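J.: I am sharing coords_28.cif, which consists of mmCIF, C-alpha atoms:
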```cif
data_input
loop_
_atom_site.label_atom_id
_atom_site.label_comp_id
_atom_site.auth_asym_id
_atom_site.auth_seq_id
_atom_site.Cartn_x
_atom_site.Cartn_y
_atom_site.Cartn_z
CA MET O 14 14.56 7.76 3.01
CA ALA O 15 11.04 7.01 1.79
CA GLU O 16 11.52 3.24 2.09
CA THR O 17 13.12 3.52 5.53
CA GLY O 18 10.30 5.76 6.73
CA THR O 19 7.68 3.29 5.48
CA TRP O 20 9.49 0.43 7.25
CA TRP O 21 9.83 2.42 10.48
CA ASN O 22 6.15 3.38 10.47
CA GLY O 23 5.22 -0.26 9.88
CA CYS O 24 7.31 -1.40 12.84
CA VAL O 25 5.95 1.09 15.37
CA ALA O 26 2.28 0.95 14.27
CA ASP O 27 -0.19 -0.96 16.41
CA GLY O 28 -0.06 -4.58 15.28
CA GLY O 29 2.77 -3.83 12.85
CA LEU O 30 5.00 -6.56 14.25
CA GLU O 31 2.37 -9.22 14.54
CA ARG O 32 2.92 -12.21 12.26
CA PHE O 33 2.47 -10.91 8.70
CA GLY O 34 1.93 -7.33 9.88
CA GLU O 35 3.50 -4.61 7.73
CA GLY O 36 6.53 -4.12 9.97
CA PHE O 37 7.06 -7.87 10.27
CA GLU O 38 6.93 -8.45 6.51
CA LEU O 39 9.18 -5.49 5.69
CA SER O 40 11.77 -6.54 8.30
CA VAL O 41 11.89 -10.09 6.92
CA HIS O 42 12.12 -8.62 3.40
CA VAL O 43 15.18 -6.58 4.46
CA ARG O 44 16.73 -9.72 5.97
CA LEU O 45 16.35 -11.57 2.67
CA MET O 46 17.71 -8.61 0.73
CA HIS O 47 20.80 -8.47 2.97
CA ALA O 48 21.30 -12.22 2.55
CA PHE O 49 21.21 -11.93 -1.25
CA VAL O 50 23.73 -9.05 -1.18
CA ASP O 51 26.14 -11.00 1.02
CA TYR O 52 25.70 -14.18 -1.06
CA HIS O 53 26.45 -12.25 -4.25
CA HIS O 54 29.65 -10.74 -2.85
CA GLU O 55 30.82 -13.99 -1.30
CA HIS O 56 30.68 -15.53 -4.77
CA ASP O 57 31.99 -12.50 -6.62
CA GLY O 58 35.63 -12.93 -7.60
CA GLU O 59 36.24 -9.16 -7.40
CA TRP O 60 35.19 -8.95 -3.74
CA ASP O 61 37.83 -10.03 -1.22
CA THR O 62 35.71 -11.25 1.69
CA GLU O 63 38.79 -12.35 3.65
CA PHE O 64 40.15 -8.80 3.58
CA ARG O 65 37.00 -6.66 3.42
CA GLY O 66 34.48 -8.80 5.28
CA LEU O 67 30.82 -8.90 4.28
CA PRO O 68 29.09 -5.76 2.99
CA VAL O 69 26.13 -6.38 5.34
CA ASN O 70 27.80 -7.54 8.54
CA GLN O 71 26.73 -7.92 12.16
CA PHE O 72 28.78 -4.92 13.34
CA ASP O 73 27.11 -2.50 10.92
CA GLN O 74 23.65 -4.01 11.42
CA ALA O 75 23.94 -3.65 15.20
CA GLY O 76 25.07 -0.05 14.86
CA THR O 77 22.22 0.82 12.50
CA LEU O 78 19.66 -0.89 14.73
CA GLY O 79 21.01 1.04 17.71
CA LEU O 80 20.23 4.32 15.94
CA PHE O 81 16.52 3.44 16.09
CA SER O 82 16.55 2.44 19.75
CA ILE O 83 19.48 3.57 21.91
CA THR O 84 20.36 6.74 19.99
CA PHE O 85 16.67 7.53 19.48
CA LEU O 86 16.06 7.53 23.24
CA LEU O 87 19.20 9.57 23.89
CA HIS O 88 18.51 12.26 21.29
CA THR O 89 14.83 12.67 22.06
CA ARG O 90 15.66 13.00 25.75
CA VAL O 91 18.16 15.73 24.83
CA LEU O 92 15.23 17.47 23.10
CA GLY O 93 13.11 17.33 26.26
CA VAL O 94 11.01 14.20 25.71
CA ARG O 95 10.19 12.25 28.88
CA TYR O 96 10.06 8.44 29.06
CA THR O 97 9.15 6.30 32.01
CA ARG O 98 11.47 3.37 32.70
CA ARG O 99 8.80 1.01 31.38
CA GLU O 100 8.44 3.01 28.13
CA ALA O 101 12.19 3.09 27.53
CA ASP O 102 12.42 -0.66 28.16
CA ALA O 103 9.55 -1.19 25.70
CA VAL O 104 11.40 0.78 23.00
CA LEU O 105 14.49 -1.39 23.46
CA HIS O 106 12.44 -4.59 23.49
CA LEU O 107 10.59 -3.64 20.30
CA TRP O 108 13.77 -2.90 18.35
CA ALA O 109 15.53 -5.96 19.72
CA TYR O 110 12.72 -8.03 18.22
CA VAL O 111 13.00 -6.13 14.92
CA GLY O 112 16.74 -6.80 14.94
CA TRP O 113 16.13 -10.50 15.56
CA LEU O 114 13.72 -10.59 12.61
CA MET O 115 16.34 -8.90 10.43
CA GLY O 116 19.03 -11.42 11.33
CA VAL O 117 21.03 -9.51 13.94
CA ASP O 118 22.77 -12.01 16.23
CA PRO O 119 21.23 -11.98 19.75
CA LYS O 120 24.62 -11.11 21.28
CA TRP O 121 24.27 -7.65 19.65
CA LEU O 122 20.74 -7.03 20.96
CA ARG O 123 20.41 -4.83 24.04
CA PHE O 124 17.49 -4.79 26.48
CA GLU O 125 19.16 -2.48 29.02
CA GLU O 126 19.82 1.14 28.14
CA ARG O 127 23.18 1.58 29.85
CA ALA O 128 24.58 -1.50 28.10
CA GLY O 129 23.18 -0.20 24.82
CA LEU O 130 24.83 3.19 25.24
CA ARG O 131 28.15 1.48 25.96
CA MET O 132 27.78 -0.66 22.83
CA MET O 133 26.95 2.34 20.62
CA TYR O 134 29.96 4.23 21.98
CA GLN O 135 32.21 1.27 21.18
CA ILE O 136 30.74 0.93 17.67
CA GLY O 137 31.13 4.64 17.03
CA SER O 138 34.72 4.64 18.27
CA SER O 139 35.58 1.66 16.05
CA SER O 140 33.91 2.93 12.89
CA PRO O 141 36.06 4.36 10.09
CA ALA O 142 36.30 8.11 9.57
CA ALA O 143 34.00 9.87 7.14
CA ASP O 144 35.15 9.64 3.51
CA GLU O 145 34.00 11.26 0.28
CA ASN O 146 30.98 8.96 0.07
CA SER O 147 29.99 10.03 3.59
CA HIS O 148 30.27 13.70 2.60
CA MET O 149 28.08 13.20 -0.48
CA LEU O 150 25.42 11.30 1.47
CA ALA O 151 25.40 13.86 4.31
CA ARG O 152 25.01 16.77 1.92
CA SER O 153 22.23 15.07 -0.02
CA LEU O 154 20.32 14.40 3.22
CA VAL O 155 20.88 17.91 4.55
CA GLU O 156 19.73 19.43 1.25
CA LEU O 157 16.60 17.24 1.01
CA PRO O 158 14.29 20.11 2.14
CA LEU O 159 15.60 22.28 -0.69
CA HIS O 160 14.12 19.77 -3.18
CA THR O 161 10.86 19.12 -1.32
CA ARG O 162 7.53 20.54 -2.47
CA TYR O 163 5.53 22.42 0.14
CA PRO O 164 1.90 23.51 -0.35
CA ARG O 165 2.41 27.10 0.86
CA PHE O 166 5.25 29.60 1.16
CA GLN O 167 7.52 27.14 -0.63
CA ALA O 168 10.73 29.19 -0.76
CA LEU O 169 10.43 30.29 2.87
CA ARG O 170 9.51 26.79 4.06
CA ARG O 171 12.42 25.22 2.19
CA ARG O 172 14.88 27.60 3.82
CA TYR O 173 13.34 27.09 7.26
CA GLU O 174 13.47 23.26 7.03
CA TYR O 175 17.03 23.39 5.73
CA GLU O 176 18.20 25.62 8.58
CA ARG O 177 16.24 23.58 11.12
CA GLY O 178 17.98 20.40 10.00
CA LEU O 179 21.41 21.98 10.29
CA SER O 180 20.58 23.31 13.76
CA LEU O 181 19.44 19.86 14.90
CA ALA O 182 22.47 18.15 13.36
CA THR O 183 24.90 20.54 15.06
CA THR O 184 23.24 19.96 18.44
CA LEU O 185 22.84 16.19 18.26
CA LEU O 186 26.04 15.28 16.41
CA GLY O 187 28.17 18.02 17.96
CA PRO O 188 30.26 20.55 16.03
CA SER O 189 33.07 18.05 15.46
CA GLY O 190 30.67 15.49 13.98
CA VAL O 191 29.13 18.05 11.64
CA LEU O 192 32.52 19.36 10.54
CA ALA O 193 33.69 15.79 9.85
CA LEU O 194 30.74 15.41 7.45
CA LYS O 195 31.54 18.77 5.82
CA VAL O 196 28.09 20.31 6.28
CA PRO O 197 27.52 23.83 7.66
CA LEU O 198 27.40 24.54 11.39
CA ARG O 199 24.42 26.33 12.90
CA PRO O 200 23.58 27.60 16.42
CA PRO O 201 21.08 25.49 18.42
CA TRP O 202 18.12 27.84 17.88
CA TYR O 203 15.68 25.10 16.95
CA PRO O 204 16.54 22.59 19.73
CA VAL O 205 16.19 25.35 22.33
CA GLY O 206 12.66 26.14 21.17
CA ARG O 207 11.82 22.44 20.76
CA ILE O 208 13.00 21.64 24.28
CA ALA O 209 10.72 24.32 25.72
CA VAL O 210 7.70 22.86 23.87
CA ASN O 211 8.58 19.24 24.70
CA VAL O 212 9.04 19.96 28.40
CA VAL O 213 5.50 21.38 28.57
CA GLU O 214 4.02 18.58 26.46
CA HIS O 215 5.85 15.56 27.90
CA HIS O 216 6.71 16.62 31.46
CA VAL O 217 3.40 18.36 32.23
CA ILE O 218 0.60 17.42 29.81
CA GLY O 219 1.93 13.90 29.24
CA ARG O 220 1.80 13.03 32.95
CA PHE O 221 -2.00 12.82 32.77
CA PRO O 222 -3.78 9.93 30.98
CA ALA O 223 -5.79 12.27 28.74
CA GLY O 224 -2.67 14.27 27.93
CA LYS O 225 -0.68 11.15 27.07
CA ALA O 226 -3.50 9.95 24.80
CA TRP O 227 -3.50 13.34 23.05
CA LEU O 228 0.28 13.16 22.52
CA GLN O 229 -0.13 9.66 21.08
CA ARG O 230 -2.82 10.82 18.60
CA HIS O 231 -0.78 13.89 17.66
CA GLY O 232 2.36 11.85 17.00
CA GLU O 233 0.48 9.27 14.92
CA LYS O 234 -1.08 12.05 12.82
CA GLN O 235 2.36 13.52 12.13
CA LEU O 236 3.61 10.11 11.01
CA ARG O 237 0.62 9.61 8.70
CA ASP O 238 1.02 13.10 7.22
CA ALA O 239 4.72 12.52 6.54
CA GLN O 240 3.98 9.18 4.87
CA LEU O 241 1.28 10.75 2.67
CA ARG O 242 3.73 13.46 1.61
CA ILE O 243 6.19 10.77 0.53
CA LEU O 244 3.50 8.84 -1.36
CA ASP O 245 2.26 12.05 -3.03
CA GLY O 246 5.77 12.81 -4.24
CA GLU O 247 6.23 16.00 -2.23
CA ILE O 248 9.39 14.51 -0.72
CA PRO O 249 11.57 13.32 -3.61
CA ASP O 250 12.82 9.75 -3.93
CA VAL O 251 16.04 10.99 -5.50
CA VAL O 252 17.96 14.09 -4.45
CA PRO O 253 20.54 15.48 -6.90
CA LEU O 254 24.04 14.62 -5.72
CA PRO O 255 26.28 17.60 -4.93
CA GLU O 256 28.85 18.40 -7.59
#
```
Before anything else, please render the file you have as structure tokens.
T.:
Amino acid sequence: MAETGTWWNGCVADGGLERFGEGFELSVHVRLMHAFVDYHHEHDGEWDTEFRGLPVNQFDQAGTLGLFSITFLLHTRVLGVRYTRREADAVLHLWAYVGWLMGVDPKWLRFEERAGLRMMYQIGSSSPAADENSHMLARSLVELPLHTRYPRFQALRRRYEYERGLSLATTLLGPSGVLALKVPLRPPWYPVGRIAVNVVEHHVIGRFPAGKAWLQRHGEKQLRDAQLRILDGEIPDVVPLPE
């Protein structure tokens, strides 16, 4: 989570994808890492590539990339965030470039939102069902707030962040998706409140240049604060696996 967050921040920061910017270097680093993993398994006698395919394959890479672009736009819109057509196209273009840097074949890159949504639906429909590994990963992610250090009201804040995550997951993944991952269901109390705030911020304040600039500064501050919390060790690198 910490490494992914650092990579994501590097990609979306101003100048992050310029040649030898932080996002550029980290994306190329991930491409090399994937190549080494695939090379190892291709030459590992215990791995049946003919039957199992490559561990890091184009299908999975395209699906993961789509989470940062197509699904990101969809879910934030559900939560009341407003994008102009130009802004949405810019999000897709940025992540298509990141995907190209990471070795995703251009045929999997989408610059048009409707085509991207159709691709993500097809990938989701073709993906295998959740297994025991999926359940363990989902629970460890959901329970991350319970192992995070907060400066004030630690017990109360841990419970709040835990419940907030479950409420978001139930809303964005749907009850069937949450049940498939074997994590608790929660009513959509947080998304309802978040939608109300986002509508005011993005549909009213954000329509004015000064308001949009304020939203930009506010969002960048939140990203910096989250990154500092990771670097300071408040958010753990390792979460105990559920028994």
J.: Could you tell me, as a ChimeraX atom specification, exactly which residues end up selected when the PyMOL selection byres ((chain O and resi 90) around 12) is applied to this structure?
T.: /O:83-89,91-97,101,185,204,207-208,211-212,215-216
J.: Write the selection just made, keeping C-alpha atoms, as a PDB file, in the coordinates of the input?
T.:
```
ATOM      1  CA  ILE O  83      19.480   3.570  21.910  1.00  0.00           C
ATOM      2  CA  THR O  84      20.360   6.740  19.990  1.00  0.00           C
ATOM      3  CA  PHE O  85      16.670   7.530  19.480  1.00  0.00           C
ATOM      4  CA  LEU O  86      16.060   7.530  23.240  1.00  0.00           C
ATOM      5  CA  LEU O  87      19.200   9.570  23.890  1.00  0.00           C
ATOM      6  CA  HIS O  88      18.510  12.260  21.290  1.00  0.00           C
ATOM      7  CA  THR O  89      14.830  12.670  22.060  1.00  0.00           C
ATOM      8  CA  VAL O  91      18.160  15.730  24.830  1.00  0.00           C
ATOM      9  CA  LEU O  92      15.230  17.470  23.100  1.00  0.00           C
ATOM     10  CA  GLY O  93      13.110  17.330  26.260  1.00  0.00           C
ATOM     11  CA  VAL O  94      11.010  14.200  25.710  1.00  0.00           C
ATOM     12  CA  ARG O  95      10.190  12.250  28.880  1.00  0.00           C
ATOM     13  CA  TYR O  96      10.060   8.440  29.060  1.00  0.00           C
ATOM     14  CA  THR O  97       9.150   6.300  32.010  1.00  0.00           C
ATOM     15  CA  ALA O 101      12.190   3.090  27.530  1.00  0.00           C
ATOM     16  CA  LEU O 185      22.840  16.190  18.260  1.00  0.00           C
ATOM     17  CA  PRO O 204      16.540  22.590  19.730  1.00  0.00           C
ATOM     18  CA  ARG O 207      11.820  22.440  20.760  1.00  0.00           C
ATOM     19  CA  ILE O 208      13.000  21.640  24.280  1.00  0.00           C
ATOM     20  CA  ASN O 211       8.580  19.240  24.700  1.00  0.00           C
ATOM     21  CA  VAL O 212       9.040  19.960  28.400  1.00  0.00           C
ATOM     22  CA  HIS O 215       5.850  15.560  27.900  1.00  0.00           C
ATOM     23  CA  HIS O 216       6.710  16.620  31.460  1.00  0.00           C
TER      24      HIS O 216
END
```
J.: Might you pull out every residue within 12 Å of Gly23 of chain O, with all atoms listed in the file counted and same-chain residues fewer than 3 positions away left off, and present them as an MDAnalysis selection string?
T.: chainID O and resid 16:20 26:31 33:40 111 233 236:237 240
J.: Please list as a list in words every residue within 10 Å of segment 125-136 of chain O, counting only C-alpha atoms and excluding residues in the same chain fewer than 6 positions away.
T.: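 So, after excluding close chain neighbours, the residues are Phe72, Asp73, Ala75, Gly76, Thr77, Leu78, Gly79, Leu80, Ser82, Ile83, Thr84, Leu86, Leu87, Arg98, Ala101, Asp102, Val104, Leu105 and His106 of chain O.
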J.: For Pro200 of chain O, list every protein, DNA or RNA residue within 8 Å, evaluated using only C-alpha atoms, and leave out those in the same chain fewer than 3 positions away; present the list as a list in words.
T.: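 With the cut-off at 8 Å, the set is Ser180, Thr183 and Thr184 of chain O.
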J.: Counting only C-alpha atoms, figure out which residue out of O:Ala168, O:Leu107, O:Leu194, O:Val213 gets nearest to Met149 of chain O.
T.: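 Selected residue with least distance to Met149 of chain O: O:Leu194.
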J.: Find the distance between atom CA of Glu174 of chain O and atom CA of Ser147 of chain O and write it in Å to one decimal.
T.: 21.4 Å
J.: For each of O:Ala209, O:Leu157, O:Ala103, O:Val196, take the minimum atom-to-atom distance to Ala182 of chain O, counting all atoms listed in the file, then give the residue where this is smallest.
T.: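 Ranked by minimum distance to Ala182 of chain O, first place goes to O:Val196.
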J.: Enter the distance from atom CA of His54 of chain O to atom CA of Asn70 of chain O, in Å, rounded to one decimal.
T.: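 Computing it gives 12.0 Å between the two atoms.
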J.: Determine the nearest neighbour of Thr161 of chain O from the options O:Val69, O:Ile243, O:Leu186, O:Ile218, counting all atoms listed in the file.
T.: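 Smallest separation from Thr161 of chain O among the options: O:Ile243.
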J.: Please rebuild segment 31-52 of chain O with N, CA, C and O atoms and give the result as a PDB file, in the coordinates of the input.
T.:
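Resulting contents of selection.pdb:
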```pdb
ATOM      1  N   GLU O  31       3.021  -7.925  14.451  1.00  0.00           N
ATOM      2  CA  GLU O  31       2.370  -9.220  14.540  1.00  0.00           C
ATOM      3  C   GLU O  31       2.711 -10.037  13.297  1.00  0.00           C
ATOM      4  O   GLU O  31       3.117  -9.489  12.271  1.00  0.00           O
ATOM      5  N   ARG O  32       2.576 -11.346  13.390  1.00  0.00           N
ATOM      6  CA  ARG O  32       2.920 -12.210  12.260  1.00  0.00           C
ATOM      7  C   ARG O  32       2.182 -11.748  11.004  1.00  0.00           C
ATOM      8  O   ARG O  32       0.962 -11.669  10.982  1.00  0.00           O
ATOM      9  N   PHE O  33       2.964 -11.402   9.978  1.00  0.00           N
ATOM     10  CA  PHE O  33       2.470 -10.910   8.700  1.00  0.00           C
ATOM     11  C   PHE O  33       1.906  -9.489   8.767  1.00  0.00           C
ATOM     12  O   PHE O  33       1.221  -9.052   7.842  1.00  0.00           O
ATOM     13  N   GLY O  34       2.204  -8.753   9.859  1.00  0.00           N
ATOM     14  CA  GLY O  34       1.930  -7.330   9.880  1.00  0.00           C
ATOM     15  C   GLY O  34       2.912  -6.600   8.970  1.00  0.00           C
ATOM     16  O   GLY O  34       3.915  -7.178   8.523  1.00  0.00           O
ATOM     17  N   GLU O  35       2.656  -5.330   8.683  1.00  0.00           N
ATOM     18  CA  GLU O  35       3.500  -4.610   7.730  1.00  0.00           C
ATOM     19  C   GLU O  35       4.949  -4.540   8.201  1.00  0.00           C
ATOM     20  O   GLU O  35       5.880  -4.788   7.420  1.00  0.00           O
ATOM     21  N   GLY O  36       5.172  -4.207   9.465  1.00  0.00           N
ATOM     22  CA  GLY O  36       6.530  -4.120   9.970  1.00  0.00           C
ATOM     23  C   GLY O  36       7.235  -5.462   9.965  1.00  0.00           C
ATOM     24  O   GLY O  36       8.428  -5.551   9.658  1.00  0.00           O
ATOM     25  N   PHE O  37       6.502  -6.517  10.296  1.00  0.00           N
ATOM     26  CA  PHE O  37       7.060  -7.870  10.270  1.00  0.00           C
ATOM     27  C   PHE O  37       7.501  -8.238   8.860  1.00  0.00           C
ATOM     28  O   PHE O  37       8.632  -8.692   8.639  1.00  0.00           O
ATOM     29  N   GLU O  38       6.621  -8.059   7.887  1.00  0.00           N
ATOM     30  CA  GLU O  38       6.930  -8.450   6.510  1.00  0.00           C
ATOM     31  C   GLU O  38       8.093  -7.630   5.944  1.00  0.00           C
ATOM     32  O   GLU O  38       8.968  -8.171   5.264  1.00  0.00           O
ATOM     33  N   LEU O  39       8.103  -6.317   6.223  1.00  0.00           N
ATOM     34  CA  LEU O  39       9.180  -5.490   5.690  1.00  0.00           C
ATOM     35  C   LEU O  39      10.519  -5.844   6.327  1.00  0.00           C
ATOM     36  O   LEU O  39      11.556  -5.824   5.660  1.00  0.00           O
ATOM     37  N   SER O  40      10.517  -6.172   7.622  1.00  0.00           N
ATOM     38  CA  SER O  40      11.770  -6.540   8.300  1.00  0.00           C
ATOM     39  C   SER O  40      12.326  -7.846   7.743  1.00  0.00           C
ATOM     40  O   SER O  40      13.534  -7.976   7.524  1.00  0.00           O
ATOM     41  N   VAL O  41      11.445  -8.824   7.513  1.00  0.00           N
ATOM     42  CA  VAL O  41      11.890 -10.090   6.920  1.00  0.00           C
ATOM     43  C   VAL O  41      12.366  -9.855   5.488  1.00  0.00           C
ATOM     44  O   VAL O  41      13.351 -10.465   5.039  1.00  0.00           O
ATOM     45  N   HIS O  42      11.692  -8.958   4.765  1.00  0.00           N
ATOM     46  CA  HIS O  42      12.120  -8.620   3.400  1.00  0.00           C
ATOM     47  C   HIS O  42      13.542  -8.052   3.405  1.00  0.00           C
ATOM     48  O   HIS O  42      14.376  -8.420   2.566  1.00  0.00           O
ATOM     49  N   VAL O  43      13.829  -7.152   4.355  1.00  0.00           N
ATOM     50  CA  VAL O  43      15.180  -6.580   4.460  1.00  0.00           C
ATOM     51  C   VAL O  43      16.193  -7.663   4.777  1.00  0.00           C
ATOM     52  O   VAL O  43      17.304  -7.675   4.235  1.00  0.00           O
ATOM     53  N   ARG O  44      15.822  -8.619   5.641  1.00  0.00           N
ATOM     54  CA  ARG O  44      16.730  -9.720   5.970  1.00  0.00           C
ATOM     55  C   ARG O  44      17.088 -10.527   4.719  1.00  0.00           C
ATOM     56  O   ARG O  44      18.261 -10.854   4.488  1.00  0.00           O
ATOM     57  N   LEU O  45      16.097 -10.829   3.911  1.00  0.00           N
ATOM     58  CA  LEU O  45      16.350 -11.570   2.670  1.00  0.00           C
ATOM     59  C   LEU O  45      17.213 -10.767   1.702  1.00  0.00           C
ATOM     60  O   LEU O  45      18.112 -11.300   1.055  1.00  0.00           O
ATOM     61  N   MET O  46      16.932  -9.469   1.609  1.00  0.00           N
ATOM     62  CA  MET O  46      17.710  -8.610   0.730  1.00  0.00           C
ATOM     63  C   MET O  46      19.179  -8.583   1.156  1.00  0.00           C
ATOM     64  O   MET O  46      20.094  -8.699   0.330  1.00  0.00           O
ATOM     65  N   HIS O  47      19.425  -8.450   2.463  1.00  0.00           N
ATOM     66  CA  HIS O  47      20.800  -8.470   2.970  1.00  0.00           C
ATOM     67  C   HIS O  47      21.476  -9.805   2.659  1.00  0.00           C
ATOM     68  O   HIS O  47      22.662  -9.845   2.305  1.00  0.00           O
ATOM     69  N   ALA O  48      20.725 -10.890   2.813  1.00  0.00           N
ATOM     70  CA  ALA O  48      21.300 -12.220   2.550  1.00  0.00           C
ATOM     71  C   ALA O  48      21.705 -12.357   1.089  1.00  0.00           C
ATOM     72  O   ALA O  48      22.780 -12.901   0.782  1.00  0.00           O
ATOM     73  N   PHE O  49      20.885 -11.857   0.176  1.00  0.00           N
ATOM     74  CA  PHE O  49      21.210 -11.930  -1.250  1.00  0.00           C
ATOM     75  C   PHE O  49      22.448 -11.095  -1.569  1.00  0.00           C
ATOM     76  O   PHE O  49      23.296 -11.497  -2.378  1.00  0.00           O
ATOM     77  N   VAL O  50      22.557  -9.902  -0.943  1.00  0.00           N
ATOM     78  CA  VAL O  50      23.730  -9.050  -1.180  1.00  0.00           C
ATOM     79  C   VAL O  50      24.996  -9.747  -0.715  1.00  0.00           C
ATOM     80  O   VAL O  50      26.002  -9.795  -1.432  1.00  0.00           O
ATOM     81  N   ASP O  51      24.958 -10.306   0.501  1.00  0.00           N
ATOM     82  CA  ASP O  51      26.140 -11.000   1.020  1.00  0.00           C
ATOM     83  C   ASP O  51      26.479 -12.229   0.175  1.00  0.00           C
ATOM     84  O   ASP O  51      27.653 -12.511  -0.108  1.00  0.00           O
ATOM     85  N   TYR O  52      25.462 -12.984  -0.230  1.00  0.00           N
ATOM     86  CA  TYR O  52      25.700 -14.180  -1.060  1.00  0.00           C
ATOM     87  C   TYR O  52      26.369 -13.781  -2.377  1.00  0.00           C
ATOM     88  O   TYR O  52      27.318 -14.439  -2.829  1.00  0.00           O
TER      89      TYR O  52
END
```
